[in-house]
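Colleague: Contents of work-v9.tsv (TSV, C-alpha atoms):
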chain	number	residue	atom	x	y	z
R	224	MET	CA	-0.06	-37.68	-46.90
R	225	ALA	CA	-3.71	-38.52	-47.53
R	226	SER	CA	-4.94	-41.29	-49.71
R	227	ILE	CA	-7.73	-40.75	-52.25
R	228	GLU	CA	-9.85	-43.53	-53.74
R	229	ILE	CA	-10.48	-43.58	-57.49
R	230	ILE	CA	-13.87	-45.19	-57.98
R	231	SER	CA	-15.53	-46.54	-61.10
R	232	PRO	CA	-18.78	-44.74	-62.00
R	233	LEU	CA	-19.67	-47.62	-64.32
R	234	PRO	CA	-20.21	-51.37	-64.22
R	235	GLY	CA	-18.29	-53.39	-66.80
R	236	ILE	CA	-14.79	-54.74	-67.38
R	237	PHE	CA	-11.73	-52.81	-66.18
R	238	TYR	CA	-8.64	-52.69	-68.42
R	239	ARG	CA	-5.25	-51.26	-67.49
R	240	ARG	CA	-3.95	-50.99	-71.07
R	241	PRO	CA	-5.40	-49.53	-74.32
R	242	SER	CA	-4.81	-52.82	-76.20
R	243	PRO	CA	-3.51	-56.24	-75.17
R	244	GLU	CA	-0.03	-55.53	-76.66
R	245	SER	CA	0.31	-52.01	-75.22
R	246	ASP	CA	1.97	-50.84	-72.03
R	247	ALA	CA	-0.24	-50.06	-69.06
R	248	PHE	CA	-1.68	-46.53	-68.86
R	249	ALA	CA	-0.17	-46.18	-65.39
R	250	ASN	CA	1.76	-48.27	-62.93
R	251	GLU	CA	1.97	-48.36	-59.16
R	252	GLY	CA	4.43	-45.67	-58.09
R	253	ASP	CA	3.65	-43.34	-61.03
R	254	GLN	CA	2.95	-39.64	-60.55
R	255	VAL	CA	-0.53	-38.78	-61.92
R	256	ASP	CA	-2.55	-35.61	-62.30
R	257	ASN	CA	-6.20	-34.66	-62.98
R	258	ASN	CA	-6.14	-35.69	-66.64
R	259	SER	CA	-4.07	-38.87	-66.30
R	260	VAL	CA	-5.90	-41.87	-67.73
R	261	ILE	CA	-5.32	-44.87	-65.44
R	262	GLY	CA	-7.56	-47.38	-67.21
R	263	LEU	CA	-10.64	-48.13	-69.32
R	264	ILE	CA	-14.07	-49.44	-68.43
R	265	GLU	CA	-15.77	-51.46	-71.15
R	266	VAL	CA	-19.56	-51.49	-71.10
R	267	MET	CA	-22.31	-51.50	-73.75
R	268	LYS	CA	-19.71	-51.90	-76.52
R	269	GLN	CA	-18.04	-48.63	-75.49
R	270	PHE	CA	-14.74	-47.92	-73.75
R	271	SER	CA	-14.72	-45.04	-71.25
R	272	ASP	CA	-11.51	-43.53	-69.90
R	273	LEU	CA	-11.03	-43.63	-66.15
R	274	THR	CA	-9.01	-40.56	-65.10
R	275	ALA	CA	-7.19	-39.95	-61.82
R	276	ASP	CA	-9.03	-36.62	-61.28
R	277	THR	CA	-6.41	-35.74	-58.67
R	278	LYS	CA	-2.68	-34.98	-58.49
R	279	GLY	CA	-0.45	-37.35	-56.57
R	280	LYS	CA	1.27	-40.72	-56.56
R	281	LEU	CA	-0.60	-43.84	-57.63
R	282	ILE	CA	0.17	-46.25	-54.80
R	283	ARG	CA	-2.01	-49.23	-55.56
R	284	PHE	CA	-4.48	-50.79	-58.01
R	285	CYS	CA	-7.31	-52.54	-56.17
R	286	VAL	CA	-8.64	-54.37	-59.26
R	287	GLU	CA	-6.78	-56.72	-61.61
R	288	ASP	CA	-6.61	-56.11	-65.35
R	289	SER	CA	-9.68	-57.47	-67.24
R	290	GLU	CA	-11.74	-57.94	-64.07
R	291	PRO	CA	-15.44	-57.10	-63.75
R	292	VAL	CA	-16.20	-53.97	-61.72
R	293	GLU	CA	-19.37	-52.38	-60.36
R	294	PRO	CA	-20.33	-48.72	-59.94
R	295	GLY	CA	-18.76	-47.29	-56.80
R	296	GLN	CA	-15.99	-49.90	-56.65
R	297	VAL	CA	-12.52	-48.62	-55.68
R	298	ILE	CA	-10.14	-49.06	-58.63
R	299	ALA	CA	-6.96	-47.43	-57.31
R	300	LEU	CA	-5.50	-45.45	-54.42
R	301	ILE	CA	-3.61	-42.20	-54.87
R	302	ASP	CA	-1.47	-40.48	-52.24
R	303	VAL	CA	-1.76	-36.70	-52.29
R	304	GLU	CA	0.30	-34.05	-50.46
R	305	GLU	CA	-1.81	-32.27	-47.89
W	170	MET	CA	-36.38	-22.42	-74.41
W	171	SER	CA	-35.18	-25.89	-73.75
W	172	ILE	CA	-32.85	-28.27	-71.93
W	173	LYS	CA	-29.23	-28.13	-73.07
W	174	VAL	CA	-27.02	-31.21	-72.92
W	175	ILE	CA	-23.66	-30.38	-71.29
W	176	LYS	CA	-22.49	-34.00	-71.03
W	177	PRO	CA	-24.53	-36.75	-72.67
W	178	GLY	CA	-23.76	-39.61	-70.25
W	179	LEU	CA	-23.04	-43.10	-71.53
W	180	ALA	CA	-26.16	-43.76	-73.62
W	181	THR	CA	-28.96	-41.28	-73.03
W	182	SER	CA	-31.88	-41.34	-75.46
W	183	VAL	CA	-35.42	-40.02	-75.83
W	184	GLN	CA	-37.96	-42.81	-75.31
W	185	ASP	CA	-41.71	-43.20	-74.82
W	186	LYS	CA	-43.88	-46.34	-74.73
W	187	GLY	CA	-42.58	-47.33	-78.14
W	188	ARG	CA	-43.50	-47.68	-81.77
W	189	GLU	CA	-45.89	-50.60	-82.19
W	190	GLY	CA	-47.00	-52.06	-85.50
W	191	TYR	CA	-43.89	-51.97	-87.68
W	192	TYR	CA	-41.89	-54.97	-86.47
W	193	HIS	CA	-43.02	-57.01	-89.49
W	194	LEU	CA	-41.22	-54.39	-91.61
W	195	GLY	CA	-38.07	-54.77	-89.52
W	196	ILE	CA	-38.66	-51.70	-87.33
W	197	PRO	CA	-38.61	-52.74	-83.66
W	198	PRO	CA	-40.80	-51.09	-81.01
W	199	SER	CA	-37.93	-49.30	-79.19
W	200	GLY	CA	-39.29	-47.33	-76.21
W	201	ALA	CA	-38.29	-47.38	-72.54
W	202	MET	CA	-36.67	-50.68	-71.52
W	203	ASP	CA	-38.31	-50.33	-68.08
W	204	GLN	CA	-41.81	-49.32	-69.11
W	205	TYR	CA	-43.08	-49.34	-65.52
W	206	ALA	CA	-40.45	-46.85	-64.28
W	207	MET	CA	-41.03	-44.59	-67.29
W	208	THR	CA	-44.79	-44.60	-66.64
W	209	LEU	CA	-44.29	-43.81	-62.93
W	210	ALA	CA	-42.18	-40.75	-63.78
W	211	ASN	CA	-44.87	-39.47	-66.15
W	212	LEU	CA	-47.69	-40.18	-63.68
W	213	LEU	CA	-45.90	-38.20	-60.96
W	214	LEU	CA	-45.84	-35.15	-63.25
W	215	LYS	CA	-49.45	-35.72	-64.39
W	216	ASN	CA	-48.10	-36.06	-67.92
W	217	ASP	CA	-49.69	-38.15	-70.63
W	218	GLU	CA	-48.43	-41.67	-69.77
W	219	ASN	CA	-46.84	-41.88	-73.21
W	220	ALA	CA	-44.96	-38.56	-72.92
W	221	ALA	CA	-41.36	-38.82	-74.06
W	222	VAL	CA	-38.70	-39.05	-71.32
W	223	LEU	CA	-34.93	-39.40	-71.21
W	224	GLU	CA	-33.67	-42.92	-70.64
W	225	CYS	CA	-30.33	-42.53	-68.85
W	226	ALA	CA	-28.27	-45.73	-68.98
W	227	LEU	CA	-25.61	-46.40	-66.29
W	228	LEU	CA	-23.89	-43.00	-66.44
W	229	GLY	CA	-26.35	-40.12	-66.33
W	230	PRO	CA	-26.15	-36.91	-68.38
W	231	GLU	CA	-25.39	-33.39	-67.19
W	232	LEU	CA	-28.20	-31.06	-68.27
W	233	LEU	CA	-28.53	-27.28	-68.16
W	234	PHE	CA	-32.12	-26.12	-67.87
W	235	GLN	CA	-32.68	-22.99	-69.94
W	236	GLN	CA	-36.22	-22.59	-68.61
W	237	ASP	CA	-38.05	-23.34	-65.37
W	238	ALA	CA	-39.25	-26.94	-65.31
W	239	MET	CA	-40.59	-29.70	-63.10
W	240	VAL	CA	-38.99	-33.14	-63.39
W	241	ALA	CA	-39.29	-36.61	-61.83
W	242	ILE	CA	-36.74	-39.42	-61.90
W	243	CYS	CA	-37.70	-43.09	-61.46
W	244	GLY	CA	-36.03	-46.43	-62.12
W	245	ALA	CA	-32.33	-47.01	-61.35
W	246	ARG	CA	-31.07	-45.55	-58.08
W	247	MET	CA	-29.05	-42.71	-59.64
W	248	VAL	CA	-29.31	-39.88	-57.13
W	249	PRO	CA	-29.95	-36.53	-58.85
W	250	LYS	CA	-28.17	-33.31	-57.89
W	251	ILE	CA	-29.45	-29.86	-58.78
W	252	ASP	CA	-26.56	-27.36	-58.71
W	253	GLY	CA	-24.70	-29.85	-56.56
W	254	GLN	CA	-27.50	-30.36	-54.02
W	255	ILE	CA	-28.71	-33.92	-53.54
W	256	MET	CA	-32.39	-34.37	-54.38
W	257	PRO	CA	-34.79	-37.31	-53.93
W	258	LEU	CA	-35.75	-39.84	-56.58
W	259	ASP	CA	-39.43	-40.64	-57.30
W	260	THR	CA	-40.41	-37.06	-56.45
W	261	VAL	CA	-41.53	-34.00	-58.44
W	262	LEU	CA	-38.55	-31.62	-58.40
W	263	ASP	CA	-38.50	-27.94	-59.27
W	264	ILE	CA	-35.67	-26.72	-61.48
W	265	LYS	CA	-35.13	-23.06	-62.28
W	266	ALA	CA	-33.75	-21.66	-65.52
W	267	GLY	CA	-29.95	-21.66	-65.29
W	268	GLN	CA	-29.71	-24.66	-62.94
W	269	THR	CA	-27.82	-27.85	-63.77
W	270	LEU	CA	-29.00	-31.40	-63.18
W	271	ARG	CA	-26.43	-34.20	-62.67
W	272	PHE	CA	-26.64	-37.78	-61.50
W	273	ASN	CA	-24.63	-39.93	-59.15
W	274	TYR	CA	-23.53	-43.40	-60.33
W	275	PRO	CA	-26.23	-46.12	-60.03
W	276	THR	CA	-26.19	-47.82	-56.62
W	277	SER	CA	-28.70	-50.26	-58.09
W	278	GLY	CA	-30.39	-50.68	-61.46
W	279	ALA	CA	-29.18	-49.67	-64.89
W	280	ARG	CA	-31.59	-47.09	-66.29
W	281	ALA	CA	-33.03	-43.96	-64.72
W	282	TYR	CA	-36.02	-42.31	-66.39
W	283	LEU	CA	-36.03	-38.52	-66.33
W	284	ALA	CA	-39.48	-37.17	-67.14
W	285	VAL	CA	-40.13	-33.47	-67.58
W	286	ALA	CA	-43.56	-31.89	-67.02
W	287	GLY	CA	-44.96	-31.47	-70.53
W	288	GLY	CA	-42.71	-34.18	-71.98
W	289	ILE	CA	-39.66	-33.99	-74.23
W	290	ASP	CA	-41.20	-32.41	-77.32
W	291	VAL	CA	-39.28	-33.99	-80.20
W	292	PRO	CA	-41.19	-34.72	-83.45
W	293	MET	CA	-43.20	-37.92	-83.80
W	294	ALA	CA	-41.81	-40.54	-86.16
W	295	LEU	CA	-44.20	-43.34	-87.17
W	296	GLY	CA	-46.43	-42.54	-84.20
W	297	SER	CA	-43.74	-42.44	-81.51
W	298	ARG	CA	-40.99	-40.21	-80.12
W	299	SER	CA	-38.81	-43.20	-79.20
W	300	THR	CA	-35.25	-43.34	-80.51
W	301	TYR	CA	-34.26	-46.32	-82.66
W	302	THR	CA	-30.54	-45.67	-83.05
W	303	LEU	CA	-29.72	-48.51	-85.48
W	304	GLY	CA	-32.34	-47.14	-87.90
W	305	SER	CA	-31.62	-43.45	-87.12
W	306	LEU	CA	-35.33	-43.05	-86.43
W	307	GLY	CA	-37.27	-40.91	-83.93
W	308	GLY	CA	-36.06	-39.28	-80.73
W	309	HIS	CA	-33.63	-36.40	-81.09
W	310	GLU	CA	-32.25	-36.69	-84.65
W	311	GLY	CA	-32.54	-40.48	-84.51
W	312	ARG	CA	-29.59	-40.92	-82.16
W	313	ARG	CA	-28.37	-40.86	-78.58
W	314	LEU	CA	-27.82	-37.40	-77.10
W	315	ILE	CA	-24.51	-35.64	-77.56
W	316	ALA	CA	-23.07	-32.52	-75.91
W	317	GLY	CA	-24.66	-29.34	-77.24
W	318	ASP	CA	-28.07	-30.86	-78.05
W	319	GLU	CA	-31.08	-28.73	-77.09
W	320	LEU	CA	-34.31	-30.50	-76.21
W	321	PRO	CA	-37.65	-28.66	-76.40
W	322	ILE	CA	-40.20	-29.24	-73.62
W	323	GLY	CA	-44.00	-29.40	-74.00
W	324	GLN	CA	-46.63	-27.57	-71.96
W	325	PRO	CA	-46.85	-28.86	-68.35
W	326	ASN	CA	-50.11	-30.00	-66.78
W	327	ALA	CA	-51.43	-27.25	-64.48
W	328	HIS	CA	-52.12	-29.80	-61.71
W	329	CYS	CA	-48.50	-30.93	-61.45
W	330	GLN	CA	-47.27	-30.38	-57.87
W	331	VAL	CA	-43.68	-29.91	-56.74
W	332	GLY	CA	-42.82	-32.28	-53.86
W	333	GLN	CA	-45.34	-34.94	-54.78
W	334	SER	CA	-43.67	-38.31	-54.30
W	335	LEU	CA	-44.36	-41.92	-55.02
W	336	PRO	CA	-45.43	-44.16	-52.11
W	337	GLU	CA	-42.62	-46.62	-51.26
W	338	GLU	CA	-44.75	-49.68	-52.04
W	339	PHE	CA	-44.76	-48.85	-55.76
W	340	ILE	CA	-40.99	-48.57	-56.11
W	341	THR	CA	-39.40	-51.69	-57.60
W	342	ASN	CA	-36.64	-53.08	-55.41
W	343	ILE	CA	-33.82	-53.87	-57.84
W	344	GLY	CA	-31.55	-56.70	-56.69
W	345	LYS	CA	-28.32	-58.06	-58.14
W	346	GLU	CA	-29.97	-61.44	-58.68
W	347	THR	CA	-33.18	-61.77	-60.63
W	348	ILE	CA	-35.49	-64.55	-61.70
W	349	LEU	CA	-36.66	-64.10	-65.28
W	350	ARG	CA	-39.83	-66.01	-66.12
W	351	ILE	CA	-40.01	-67.47	-69.61
W	352	ILE	CA	-42.44	-69.31	-71.82
W	353	PRO	CA	-40.52	-72.18	-73.46
W	354	GLY	CA	-40.69	-72.45	-77.26
W	355	MET	CA	-40.63	-72.23	-80.34
W	356	TYR	CA	-37.47	-74.31	-80.77
W	357	ILE	CA	-36.67	-75.61	-77.29
W	358	HIS	CA	-37.22	-79.13	-78.67
W	359	ARG	CA	-33.94	-78.65	-80.56
W	360	LEU	CA	-32.00	-78.72	-77.23
W	361	THR	CA	-31.18	-82.01	-75.51
W	362	ASP	CA	-33.05	-82.68	-72.23
W	363	ASP	CA	-29.75	-82.25	-70.38
W	364	ALA	CA	-29.20	-78.84	-71.99
W	365	VAL	CA	-32.70	-77.65	-71.06
W	366	GLU	CA	-32.09	-78.70	-67.45
W	367	ARG	CA	-28.77	-76.80	-67.34
W	368	PHE	CA	-30.32	-73.71	-68.85
W	369	TYR	CA	-32.82	-73.53	-65.95
W	370	GLU	CA	-30.37	-74.63	-63.24
W	371	ASP	CA	-27.44	-72.35	-63.98
W	372	SER	CA	-26.99	-68.82	-62.73
W	373	TRP	CA	-26.30	-66.52	-65.71
W	374	THR	CA	-24.22	-63.32	-65.55
W	375	VAL	CA	-25.04	-60.27	-67.68
W	376	GLY	CA	-22.20	-59.56	-70.14
W	377	SER	CA	-20.66	-56.10	-70.43
W	378	GLU	CA	-21.97	-55.66	-74.00
W	379	ALA	CA	-25.65	-55.84	-72.93
W	380	ASP	CA	-27.60	-52.95	-74.48
W	381	ARG	CA	-30.99	-51.95	-75.88
W	382	ILE	CA	-30.73	-54.51	-78.67
W	383	GLY	CA	-30.08	-57.51	-76.50
W	384	TYR	CA	-28.68	-58.88	-73.26
W	385	ARG	CA	-26.00	-61.55	-73.47
W	386	PHE	CA	-25.65	-63.88	-70.47
W	387	LYS	CA	-22.43	-65.71	-69.52
W	388	ASP	CA	-20.95	-68.13	-67.01
W	389	GLY	CA	-23.43	-70.98	-67.51
W	390	ARG	CA	-22.51	-74.40	-68.86
W	391	PRO	CA	-22.57	-74.94	-72.65
W	392	MET	CA	-25.68	-76.58	-74.06
W	393	ASP	CA	-26.01	-79.23	-76.75
W	394	PHE	CA	-28.52	-79.21	-79.54
W	395	ILE	CA	-29.91	-82.54	-80.78
W	396	PRO	CA	-27.72	-83.56	-83.74
W	397	ARG	CA	-29.34	-83.36	-87.16
W	398	LYS	CA	-28.47	-82.79	-90.79
W	399	PRO	CA	-29.11	-79.03	-91.28
W	400	PRO	CA	-32.24	-78.52	-93.39
W	401	PHE	CA	-31.93	-76.59	-96.66
W	402	GLY	CA	-31.51	-72.87	-95.85
W	403	ALA	CA	-30.24	-73.34	-92.31
W	404	GLY	CA	-26.63	-72.56	-91.36
W	405	SER	CA	-24.25	-75.34	-90.34
W	406	ASP	CA	-24.10	-74.51	-86.62
W	407	PRO	CA	-26.39	-76.77	-84.54
W	408	SER	CA	-28.05	-73.63	-83.08
W	409	ASN	CA	-29.12	-72.53	-86.59
W	410	ILE	CA	-32.55	-72.94	-88.13
W	411	VAL	CA	-34.12	-71.76	-91.37
W	412	ASP	CA	-34.74	-68.04	-90.67
W	413	ALA	CA	-37.74	-67.25	-88.50
W	414	CYS	CA	-39.26	-64.31	-86.60
W	415	TYR	CA	-37.72	-63.17	-83.31
W	416	PRO	CA	-40.24	-61.99	-80.71
W	417	ILE	CA	-39.09	-59.23	-78.30
W	418	GLY	CA	-37.84	-61.15	-75.26
W	419	SER	CA	-36.91	-64.23	-77.27
W	420	ILE	CA	-33.84	-66.19	-76.20
W	421	GLN	CA	-31.29	-67.51	-78.67
W	422	ILE	CA	-28.14	-69.47	-77.82
W	423	PRO	CA	-25.58	-69.09	-80.64
W	424	ALA	CA	-23.38	-72.23	-80.74
W	425	GLY	CA	-25.07	-73.37	-77.50
W	426	LYS	CA	-22.86	-71.10	-75.40
W	427	GLU	CA	-24.19	-67.74	-74.25
W	428	PRO	CA	-27.94	-67.06	-74.28
W	429	ILE	CA	-29.02	-63.68	-75.69
W	430	VAL	CA	-32.37	-62.13	-74.74
W	431	LEU	CA	-33.53	-59.65	-77.38
W	432	HIS	CA	-34.88	-56.34	-76.10
W	433	ARG	CA	-36.78	-53.41	-77.59
W	434	ASP	CA	-34.27	-52.39	-80.32
W	435	ALA	CA	-33.82	-55.95	-81.63
W	436	VAL	CA	-33.76	-57.23	-85.18
W	437	SER	CA	-37.02	-58.87	-86.19
W	438	GLY	CA	-35.76	-62.21	-87.42
W	439	GLY	CA	-32.84	-64.44	-88.18
W	440	GLY	CA	-31.41	-67.93	-88.20
W	441	TYR	CA	-30.94	-68.86	-84.54
W	442	ALA	CA	-33.31	-71.23	-82.76
W	443	THR	CA	-35.25	-69.27	-80.11
W	444	ILE	CA	-35.70	-71.57	-77.15
W	445	GLY	CA	-38.14	-69.40	-75.21
W	446	THR	CA	-39.40	-65.88	-74.59
W	447	VAL	CA	-39.09	-63.80	-71.43
W	448	ILE	CA	-42.59	-62.70	-70.40
W	449	SER	CA	-43.42	-59.05	-71.08
W	450	THR	CA	-43.77	-58.27	-67.35
W	451	ASP	CA	-40.16	-59.31	-66.68
W	452	MET	CA	-38.67	-57.36	-69.61
W	453	ASP	CA	-38.70	-54.30	-67.30
W	454	LEU	CA	-36.43	-56.21	-64.89
W	455	ILE	CA	-33.90	-56.88	-67.66
W	456	GLY	CA	-33.81	-53.15	-68.43
W	457	GLN	CA	-32.59	-52.58	-64.87
W	458	MET	CA	-29.87	-55.25	-64.93
W	459	GLN	CA	-26.31	-53.94	-64.86
W	460	PRO	CA	-23.48	-55.94	-66.40
W	461	ASN	CA	-22.35	-58.59	-63.86
W	462	TYR	CA	-25.85	-58.89	-62.33
W	463	LYS	CA	-27.15	-62.48	-62.31
W	464	ALA	CA	-30.33	-64.13	-63.55
W	465	GLN	CA	-31.95	-67.51	-63.48
W	466	PHE	CA	-34.53	-68.49	-66.06
W	467	LYS	CA	-37.75	-70.07	-64.83
W	468	PRO	CA	-40.28	-71.70	-67.18
W	469	ILE	CA	-43.94	-70.84	-66.58
W	470	SER	CA	-47.23	-71.44	-68.43
W	471	MET	CA	-49.08	-68.93	-70.61
W	472	ALA	CA	-51.82	-68.72	-67.93
W	473	GLU	CA	-49.21	-67.76	-65.31
W	474	ALA	CA	-47.69	-65.19	-67.68
W	475	LEU	CA	-51.08	-63.58	-68.26
W	476	THR	CA	-51.73	-63.49	-64.50
W	477	ALA	CA	-48.35	-61.80	-63.96
W	478	ARG	CA	-49.22	-59.20	-66.57
W	479	LYS	CA	-52.64	-58.61	-65.01
W	480	LEU	CA	-51.06	-58.10	-61.56
W	481	LYS	CA	-48.63	-55.56	-63.00
W	482	GLN	CA	-51.46	-53.69	-64.71
W	483	GLU	CA	-53.45	-53.67	-61.46
W	484	LYS	CA	-50.44	-52.27	-59.60
W	485	LEU	CA	-50.14	-49.47	-62.15
W	486	GLN	CA	-53.85	-48.78	-61.78
W	487	ARG	CA	-53.38	-48.40	-58.00
W	488	VAL	CA	-50.56	-45.88	-58.67
W	489	ARG	CA	-52.89	-43.90	-60.95
W	490	GLU	CA	-55.60	-43.81	-58.27
W	491	ARG	CA	-53.18	-42.82	-55.50
W	492	LEU	CA	-51.59	-39.99	-57.47
W	493	LYS	CA	-54.91	-38.72	-58.76
W	494	HIS	CA	-56.24	-38.19	-55.23
W	495	SER	CA	-53.15	-36.60	-53.73
Take the structure from the file and write it as structure tokens.
Modeller:
Amino acid sequence: MASIEIISPLPGIFYRRPSPESDAFANEGDQVDNNSVIGLIEVMKQFSDLTADTKGKLIRFCVEDSEPVEPGQVIALIDVEE
Amino acid sequence: MSIKVIKPGLATSVQDKGREGYYHLGIPPSGAMDQYAMTLANLLLKNDENAAVLECALLGPELLFQQDAMVAICGARMVPKIDGQIMPLDTVLDIKAGQTLRFNYPTSGARAYLAVAGGIDVPMALGSRSTYTLGSLGGHEGRRLIAGDELPIGQPNAHCQVGQSLPEEFITNIGKETILRIIPGMYIHRLTDDAVERFYEDSWTVGSEADRIGYRFKDGRPMDFIPRKPPFGAGSDPSNIVDACYPIGSIQIPAGKEPIVLHRDAVSGGGYATIGTVISTDMDLIGQMQPNYKAQFKPISMAEALTARKLKQEKLQRVRERLKHS
């Protein structure tokens, strides 16, 4: 197993759910693939999807919901089969 | 022949030095938020200094060049890649027809300026090619770029040289903490002395909504306005006044909570007391602030502001001389 870092390309606020009442896009332990949305980054009055861009198991979020993030910051770790 | 937009990036728009002379009619200057970086990119290519460029905010675009071109990228540290190969910033780059230009995420700064030899040749609107998105004016169809757009390029200057780069000393070092110099006024007398002190003492964090219209700052202590009975025509909030003009760079503090600095796409007036104005020289610095960067506001005199502006102009003059003779 190798672990891949999902990084944020944007500064802003990281959200794990599409709206405060909704379920999280993804949880630790979930299987994800290239197109899986794992969160949103809010910046300049726009919300951009953050996708896993890789197939594997989401093992950990490194940022809390609604926390500020900077470009290049690791958001989550994904375990992939080698 | 042109540049085709494959992915637009977060907020990419055509900008030049801006559209002066219409603010009294409600049309703001627009133009590059970091005028210095935009000018450097044009100077490298031996373009007219007012040639239109692409302002690439936070997340750069992906562009397919449908003709050979020379480009230069200055401002935010967003490393360019041509067909996947990493290329230098602040340097004249050669792009062949069929090649794709992409950008890495910004390691510092918020806006990269992509100039193309010959300039982005969109039509002039009221004397400028700058995009004013709120008014759907200028630039490419009066809006930010979207996928599929094709941008025409003007005729390059014959003296433009691939590989020419900017001497290190002229590159602005963009930090995560900035001091913004301001001239206090017109309505700073409406704040209590305590509030004024806090405003200068506190470290202010750029909010995530900061854009070309204005920058909102958070995480400072709230500020009190001197109590008064609102005059006729003013709103009931203590931060309200009877409507007045808003200079570019002016600072308002709605409800005494989060200061907003207006930038180049701002509205021209309204009913908030403006407690000071960021000096024109430091407006470039705001254009390079990412959300979560920090600023402190420092009051200076008009004489000091004019000196700062003169120093900046002299620096630009030295760039012109250096690039002319190389």
Colleague: Could you list, as an NGL selection string, every residue of chain R that has an atom within 10 Å of an atom of chain W, counting all atoms listed in the file?
Modeller: :R and (231-236 or 264-271 or 291-295)
Colleague: Write a file of the selected residues as a tab-separated table (two decimals), in the coordinates of the input, keeping C-alpha atoms.
Modeller:
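Resulting contents of out_5.tsv:
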chain	number	residue	atom	x	y	z
R	231	SER	CA	-15.53	-46.54	-61.10
R	232	PRO	CA	-18.78	-44.74	-62.00
R	233	LEU	CA	-19.67	-47.62	-64.32
R	234	PRO	CA	-20.21	-51.37	-64.22
R	235	GLY	CA	-18.29	-53.39	-66.80
R	236	ILE	CA	-14.79	-54.74	-67.38
R	264	ILE	CA	-14.07	-49.44	-68.43
R	265	GLU	CA	-15.77	-51.46	-71.15
R	266	VAL	CA	-19.56	-51.49	-71.10
R	267	MET	CA	-22.31	-51.50	-73.75
R	268	LYS	CA	-19.71	-51.90	-76.52
R	269	GLN	CA	-18.04	-48.63	-75.49
R	270	PHE	CA	-14.74	-47.92	-73.75
R	271	SER	CA	-14.72	-45.04	-71.25
R	291	PRO	CA	-15.44	-57.10	-63.75
R	292	VAL	CA	-16.20	-53.97	-61.72
R	293	GLU	CA	-19.37	-52.38	-60.36
R	294	PRO	CA	-20.33	-48.72	-59.94
R	295	GLY	CA	-18.76	-47.29	-56.80
Colleague: So that I can see what lies close to region 249-256 of chain R, please list as a VMD selection string the residues with an atom at most 6 Å from it, counting only C-alpha atoms and leaving out residues fewer than 6 positions away in the same chain.
Modeller: chain R and resid 277 to 283
Colleague: So the first atom is CA of Leu320 (chain W) and the second is CA of Leu485 (chain W); what is the distance between them in Å, to one decimal place?
Modeller: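 One can read the CA of Leu320 (chain W) to CA of Leu485 (chain W) distance as 28.4 Å.
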